[in-house]
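Take a look at the structure set out below.
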2 protein chains.
Amino acid sequence: MERNRPAAPTPLADVTLIGRHTQQRAVVVKAFIRAEGFVGAQALHNRLAADGSPVGLSTVYRTLTALADAGRADMVRDTSGERLFRYRPGPDHRHYLLCTECGLSRPVDSGPVEDWADTIARTSGFANVRHTVELSEVCPDCGRQRATAEHR
Amino acid sequence: MERNRPAAPTPLADVTLIGRHTQQRAVVVKAFIRAEGFVGAQALHNRLAADGSPVGLSTVYRTLTALADAGRADMVRDTSGERLFRYRPGPDHRHYLLCTECGLSRPVDSGPVEDWADTIARTSGFANVRHTVELSEVCPDCGRQRATAEHR
DNA sequence: CGCTAGATGGGAATGATTTTCAGATCAATG
DNA sequence: CATTGATCTGAAAATCATTCCCATCTAGCG
């Protein structure tokens, strides 16, 4: 693994996008990418500790917000107010369906909302419109389980 | 002030929607409605104190979340994570443009997003899709002021 | 190799929200 | 009108995610 290709799917390339390259950052980014879905800073921190790569909580926070600022991560808020981050491989701005039971996330076609947001931005007189869209629900799997549970 | 009218456009009707009718609740709801826009629980609490109607912060929180649960208020989150509430006179679900500088809010036509959300709900296999949309920016007034400031 | 701006970590600080619980209030009833 | 049990209130303490502080490290340039 990890041949020395030029600069292609190397996830660590992201580390260099956010300041100095340090071991901790590399570890955090790697784990973050491996997570494949929305993760909270604390959850990621725990995961790292469990994997035997203790990294300070502050560092996890710093790294995640830096990635978000650099546009390499999406950020949403839990119903409880907790921040969840998701690694974004490409440059596209996306929206996701997020299961409130198991955390499973799935990207959805957001073309229509983007268009709508653009229209609002153009017609409102407001400057610099940014949007956040959150769709939350229960995914097919959890829905099935829940239905079963309710039958007992 | 406070004649004894029957029970017409009395905003206090809302108070009865959320449990027992008490003076504190009446005061909070009245101030909340008067606010006409998004307010934080703490801000409302301060405003009440300034108006000489001291009500416990806990009570303000309880009242606002109760209204939100009853569908009489919309709730969004500040960039800082703080919860902001807005009184909702009718039964309609709405979305707003929220100025990040002065807090001014303005409802926007959300038909397209609603349709989009419905489509997603129908095609995703996910059950019970709910959506949150936040548009934030700088309103015309603040934008003008900011431009001026930058010129000095 | 030596230097220094930038990075780390862990413990304390912050700040919004929630909980606790004793005492005050409501509203239905006798 | 008085009683009474359920509900509500509020001050203070508890929570909890996130940020700040700062003494200590370490990339990475010269």
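If you're wondering about the labels, chains in the structure tokens are A, B, ... by order shown, residues count from 1 in each chain, ligands from 1 in order shown.
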- [ ] Do a neighbour search on DA27 (chain C) at 12 Å with only C-alpha atoms (C1' of nucleotides), toss out local chain neighbours closer than 6 positions, and write the hits as a PyMOL selection string.
- [x] (chain B and resi 20-22) or (chain D and resi 3-7)
TODO: Compute the chain A side of the contact with chain D at 12 Å, counting only C-alpha atoms (C1' of nucleotides), and hand it back as an NGL selection string.
DONE: :A and (19-24 or 40-43 or 57-62 or 65 or 77-78 or 80-84)
Open item on the list: Tell me as a PyMOL selection string which residues belonging to chain A come within 9 Å of chain B, counting only C-alpha atoms.
Closed with: chain A and resi 77+81-83+97+99+108-110+112-113+116-117+120+124-141+143
May I have the selected residues written with N, CA and C atoms, as a short mmCIF file (atom, residue, chain, number, x, y, z; two decimals), in the first residue's frame?
data_model
loop_
_atom_site.label_atom_id
_atom_site.label_comp_id
_atom_site.auth_asym_id
_atom_site.auth_seq_id
_atom_site.Cartn_x
_atom_site.Cartn_y
_atom_site.Cartn_z
N ARG A 77 -25.27 20.45 12.17
CA ARG A 77 -25.49 20.38 13.61
C ARG A 77 -26.51 19.32 13.95
N GLY A 81 -27.34 20.04 19.04
CA GLY A 81 -26.46 21.18 18.91
C GLY A 81 -25.01 20.80 18.68
N GLU A 82 -24.74 19.52 18.72
CA GLU A 82 -23.35 19.09 18.51
C GLU A 82 -22.99 19.25 17.04
N ARG A 83 -21.71 19.57 16.79
CA ARG A 83 -21.27 19.71 15.41
C ARG A 83 -20.80 18.38 14.86
N LEU A 97 -28.74 13.31 3.30
CA LEU A 97 -29.82 12.77 4.12
C LEU A 97 -29.08 12.17 5.31
N CYS A 99 -29.56 9.91 8.75
CA CYS A 99 -30.48 9.10 9.56
C CYS A 99 -30.34 9.47 11.03
N VAL A 108 -27.58 13.60 -1.56
CA VAL A 108 -28.76 13.67 -2.41
C VAL A 108 -28.54 14.71 -3.51
N ASP A 109 -29.32 14.59 -4.55
CA ASP A 109 -29.23 15.54 -5.65
C ASP A 109 -29.72 16.89 -5.15
N SER A 110 -28.82 17.84 -5.10
CA SER A 110 -29.23 19.12 -4.53
C SER A 110 -29.39 20.22 -5.56
N PRO A 112 -31.83 21.37 -7.40
CA PRO A 112 -32.96 22.28 -7.21
C PRO A 112 -32.78 23.27 -6.07
N VAL A 113 -32.22 22.81 -4.96
CA VAL A 113 -32.03 23.76 -3.85
C VAL A 113 -31.00 24.79 -4.21
N TRP A 116 -32.58 27.30 -6.30
CA TRP A 116 -33.49 28.12 -5.49
C TRP A 116 -32.70 29.14 -4.68
N ALA A 117 -31.63 28.67 -4.04
CA ALA A 117 -30.81 29.56 -3.22
C ALA A 117 -30.23 30.69 -4.08
N ILE A 120 -32.97 33.24 -4.77
CA ILE A 120 -33.19 34.06 -3.59
C ILE A 120 -32.08 35.10 -3.48
N SER A 124 -33.21 39.00 -3.61
CA SER A 124 -33.50 39.52 -2.28
C SER A 124 -32.83 40.84 -1.94
N GLY A 125 -31.76 41.13 -2.63
CA GLY A 125 -31.03 42.35 -2.28
C GLY A 125 -30.06 42.07 -1.15
N PHE A 126 -30.12 40.87 -0.62
CA PHE A 126 -29.19 40.51 0.44
C PHE A 126 -27.89 40.11 -0.23
N ALA A 127 -26.79 40.38 0.44
CA ALA A 127 -25.50 40.05 -0.15
C ALA A 127 -24.94 38.79 0.48
N ASN A 128 -24.20 38.04 -0.31
CA ASN A 128 -23.43 36.97 0.28
C ASN A 128 -24.28 35.89 0.94
N VAL A 129 -25.30 35.44 0.24
CA VAL A 129 -26.19 34.43 0.81
C VAL A 129 -25.54 33.05 0.88
N ARG A 130 -25.57 32.50 2.05
CA ARG A 130 -25.05 31.14 2.20
C ARG A 130 -26.20 30.28 2.69
N HIS A 131 -26.19 29.02 2.37
CA HIS A 131 -27.29 28.19 2.86
C HIS A 131 -26.83 26.88 3.50
N THR A 132 -27.67 26.42 4.36
CA THR A 132 -27.44 25.17 5.05
C THR A 132 -28.74 24.41 4.90
N VAL A 133 -28.66 23.19 4.51
CA VAL A 133 -29.87 22.40 4.40
C VAL A 133 -29.63 21.09 5.12
N GLU A 134 -30.55 20.73 5.94
CA GLU A 134 -30.42 19.46 6.63
C GLU A 134 -31.68 18.66 6.45
N LEU A 135 -31.51 17.45 6.02
CA LEU A 135 -32.64 16.55 5.86
C LEU A 135 -32.36 15.45 6.86
N SER A 136 -33.30 15.19 7.73
CA SER A 136 -33.05 14.12 8.67
C SER A 136 -34.24 13.21 8.73
N GLU A 137 -34.00 11.99 8.93
CA GLU A 137 -35.07 11.01 8.95
C GLU A 137 -34.56 9.67 9.42
N VAL A 138 -35.31 8.67 9.14
CA VAL A 138 -34.96 7.32 9.55
C VAL A 138 -34.70 6.52 8.30
N CYS A 139 -33.53 5.93 8.19
CA CYS A 139 -33.19 5.20 6.98
C CYS A 139 -33.97 3.88 6.89
N PRO A 140 -34.02 3.29 5.70
CA PRO A 140 -34.81 2.08 5.50
C PRO A 140 -34.55 1.01 6.56
N ASP A 141 -33.28 0.75 6.84
CA ASP A 141 -32.94 -0.29 7.81
C ASP A 141 -33.54 -0.01 9.18
N GLY A 143 -35.86 1.98 9.95
CA GLY A 143 -37.30 2.04 9.86
C GLY A 143 -37.88 0.65 10.01
#
- [ ] Would you mind writing down, as a PyMOL selection string, each residue of region 11-78 of chain B that DSSP on the backbone assigns to strand (DSSP E or B)?
- [x] chain B and resi 39-40+73-77
Task: Neighbours of chain A in chain C at 10 Å, counting only C-alpha atoms (C1' of nucleotides), as a ChimeraX atom specification - done: /C:6-10
Could the residues in this selection be saved with all heavy atoms as an mmCIF file, in the first residue's frame?
data_model
loop_
_atom_site.group_PDB
_atom_site.id
_atom_site.type_symbol
_atom_site.label_atom_id
_atom_site.label_comp_id
_atom_site.auth_asym_id
_atom_site.auth_seq_id
_atom_site.Cartn_x
_atom_site.Cartn_y
_atom_site.Cartn_z
ATOM 1 P P DG C 6 3.667 32.070 11.913
ATOM 2 O OP1 DG C 6 3.230 32.418 10.544
ATOM 3 O OP2 DG C 6 3.267 32.898 13.070
ATOM 4 O "O5'" DG C 6 3.247 30.573 12.198
ATOM 5 C "C5'" DG C 6 3.813 29.518 11.445
ATOM 6 C "C4'" DG C 6 3.554 28.193 12.125
ATOM 7 O "O4'" DG C 6 4.357 28.081 13.323
ATOM 8 C "C3'" DG C 6 2.105 27.996 12.581
ATOM 9 O "O3'" DG C 6 1.696 26.702 12.174
ATOM 10 C "C2'" DG C 6 2.176 28.090 14.096
ATOM 11 C "C1'" DG C 6 3.566 27.540 14.354
ATOM 12 N N9 DG C 6 4.153 27.941 15.620
ATOM 13 C C8 DG C 6 4.206 29.199 16.180
ATOM 14 N N7 DG C 6 4.811 29.221 17.340
ATOM 15 C C5 DG C 6 5.170 27.898 17.568
ATOM 16 C C6 DG C 6 5.855 27.301 18.656
ATOM 17 O O6 DG C 6 6.290 27.838 19.677
ATOM 18 N N1 DG C 6 6.016 25.921 18.474
ATOM 19 C C2 DG C 6 5.577 25.221 17.391
ATOM 20 N N2 DG C 6 5.812 23.909 17.385
ATOM 21 N N3 DG C 6 4.938 25.769 16.361
ATOM 22 C C4 DG C 6 4.766 27.105 16.516
ATOM 23 P P DA C 7 0.316 26.115 12.651
ATOM 24 O OP1 DA C 7 -0.268 25.384 11.524
ATOM 25 O OP2 DA C 7 -0.439 27.180 13.353
ATOM 26 O "O5'" DA C 7 0.787 25.049 13.726
ATOM 27 C "C5'" DA C 7 1.598 23.947 13.301
ATOM 28 C "C4'" DA C 7 1.643 22.913 14.390
ATOM 29 O "O4'" DA C 7 2.352 23.450 15.516
ATOM 30 C "C3'" DA C 7 0.277 22.485 14.910
ATOM 31 O "O3'" DA C 7 0.277 21.076 15.087
ATOM 32 C "C2'" DA C 7 0.125 23.229 16.221
ATOM 33 C "C1'" DA C 7 1.573 23.337 16.691
ATOM 34 N N9 DA C 7 1.846 24.512 17.507
ATOM 35 C C8 DA C 7 1.551 25.818 17.230
ATOM 36 N N7 DA C 7 1.938 26.652 18.155
ATOM 37 C C5 DA C 7 2.537 25.854 19.114
ATOM 38 C C6 DA C 7 3.139 26.128 20.348
ATOM 39 N N6 DA C 7 3.276 27.367 20.848
ATOM 40 N N1 DA C 7 3.625 25.094 21.060
ATOM 41 C C2 DA C 7 3.508 23.863 20.569
ATOM 42 N N3 DA C 7 2.955 23.465 19.412
ATOM 43 C C4 DA C 7 2.477 24.530 18.731
ATOM 44 P P DT C 8 -1.010 20.394 15.660
ATOM 45 O OP1 DT C 8 -1.118 19.101 14.979
ATOM 46 O OP2 DT C 8 -2.144 21.351 15.663
ATOM 47 O "O5'" DT C 8 -0.587 20.125 17.166
ATOM 48 C "C5'" DT C 8 0.541 19.297 17.409
ATOM 49 C "C4'" DT C 8 0.729 19.112 18.900
ATOM 50 O "O4'" DT C 8 1.053 20.399 19.493
ATOM 51 C "C3'" DT C 8 -0.531 18.606 19.603
ATOM 52 O "O3'" DT C 8 -0.223 17.424 20.331
ATOM 53 C "C2'" DT C 8 -0.915 19.747 20.557
ATOM 54 C "C1'" DT C 8 0.391 20.519 20.725
ATOM 55 N N1 DT C 8 0.227 21.980 20.958
ATOM 56 C C2 DT C 8 0.793 22.526 22.079
ATOM 57 O O2 DT C 8 1.400 21.875 22.912
ATOM 58 N N3 DT C 8 0.617 23.885 22.208
ATOM 59 C C4 DT C 8 -0.050 24.730 21.336
ATOM 60 O O4 DT C 8 -0.126 25.927 21.552
ATOM 61 C C5 DT C 8 -0.616 24.081 20.178
ATOM 62 C C7 DT C 8 -1.365 24.887 19.173
ATOM 63 C C6 DT C 8 -0.450 22.745 20.042
ATOM 64 P P DG C 9 -1.410 16.506 20.797
ATOM 65 O OP1 DG C 9 -0.982 15.093 20.757
ATOM 66 O OP2 DG C 9 -2.636 16.933 20.109
ATOM 67 O "O5'" DG C 9 -1.510 16.948 22.317
ATOM 68 C "C5'" DG C 9 -0.497 16.575 23.231
ATOM 69 C "C4'" DG C 9 -0.884 17.091 24.605
ATOM 70 O "O4'" DG C 9 -0.901 18.544 24.549
ATOM 71 C "C3'" DG C 9 -2.292 16.684 25.045
ATOM 72 O "O3'" DG C 9 -2.307 16.587 26.460
ATOM 73 C "C2'" DG C 9 -3.133 17.881 24.632
ATOM 74 C "C1'" DG C 9 -2.191 19.008 24.950
ATOM 75 N N9 DG C 9 -2.447 20.246 24.234
ATOM 76 C C8 DG C 9 -3.093 20.405 23.033
ATOM 77 N N7 DG C 9 -3.165 21.650 22.631
ATOM 78 C C5 DG C 9 -2.521 22.363 23.636
ATOM 79 C C6 DG C 9 -2.278 23.756 23.768
ATOM 80 O O6 DG C 9 -2.591 24.660 23.003
ATOM 81 N N1 DG C 9 -1.588 24.055 24.937
ATOM 82 C C2 DG C 9 -1.185 23.124 25.864
ATOM 83 N N2 DG C 9 -0.539 23.595 26.919
ATOM 84 N N3 DG C 9 -1.394 21.821 25.756
ATOM 85 C C4 DG C 9 -2.068 21.512 24.632
ATOM 86 P P DG C 10 -2.633 15.245 27.136
ATOM 87 O OP1 DG C 10 -1.404 14.429 27.231
ATOM 88 O OP2 DG C 10 -3.832 14.716 26.473
ATOM 89 O "O5'" DG C 10 -3.021 15.739 28.591
ATOM 90 C "C5'" DG C 10 -2.167 16.651 29.281
ATOM 91 C "C4'" DG C 10 -3.015 17.656 30.025
ATOM 92 O "O4'" DG C 10 -3.166 18.854 29.237
ATOM 93 C "C3'" DG C 10 -4.436 17.165 30.309
ATOM 94 O "O3'" DG C 10 -4.922 17.799 31.493
ATOM 95 C "C2'" DG C 10 -5.209 17.733 29.127
ATOM 96 C "C1'" DG C 10 -4.557 19.099 29.087
ATOM 97 N N9 DG C 10 -4.783 19.848 27.863
ATOM 98 C C8 DG C 10 -5.280 19.371 26.675
ATOM 99 N N7 DG C 10 -5.411 20.289 25.752
ATOM 100 C C5 DG C 10 -4.971 21.448 26.373
ATOM 101 C C6 DG C 10 -4.873 22.775 25.878
ATOM 102 O O6 DG C 10 -5.166 23.199 24.754
ATOM 103 N N1 DG C 10 -4.379 23.643 26.841
ATOM 104 C C2 DG C 10 -4.024 23.293 28.109
ATOM 105 N N2 DG C 10 -3.577 24.272 28.893
ATOM 106 N N3 DG C 10 -4.101 22.063 28.587
ATOM 107 C C4 DG C 10 -4.584 21.190 27.667
#
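Each of A:Val28, A:Arg72, A:Ala66, A:Ile33 was checked against Ala49 (chain A) using only C-alpha atoms; the smallest atom-to-atom distance is that of A:Val28.
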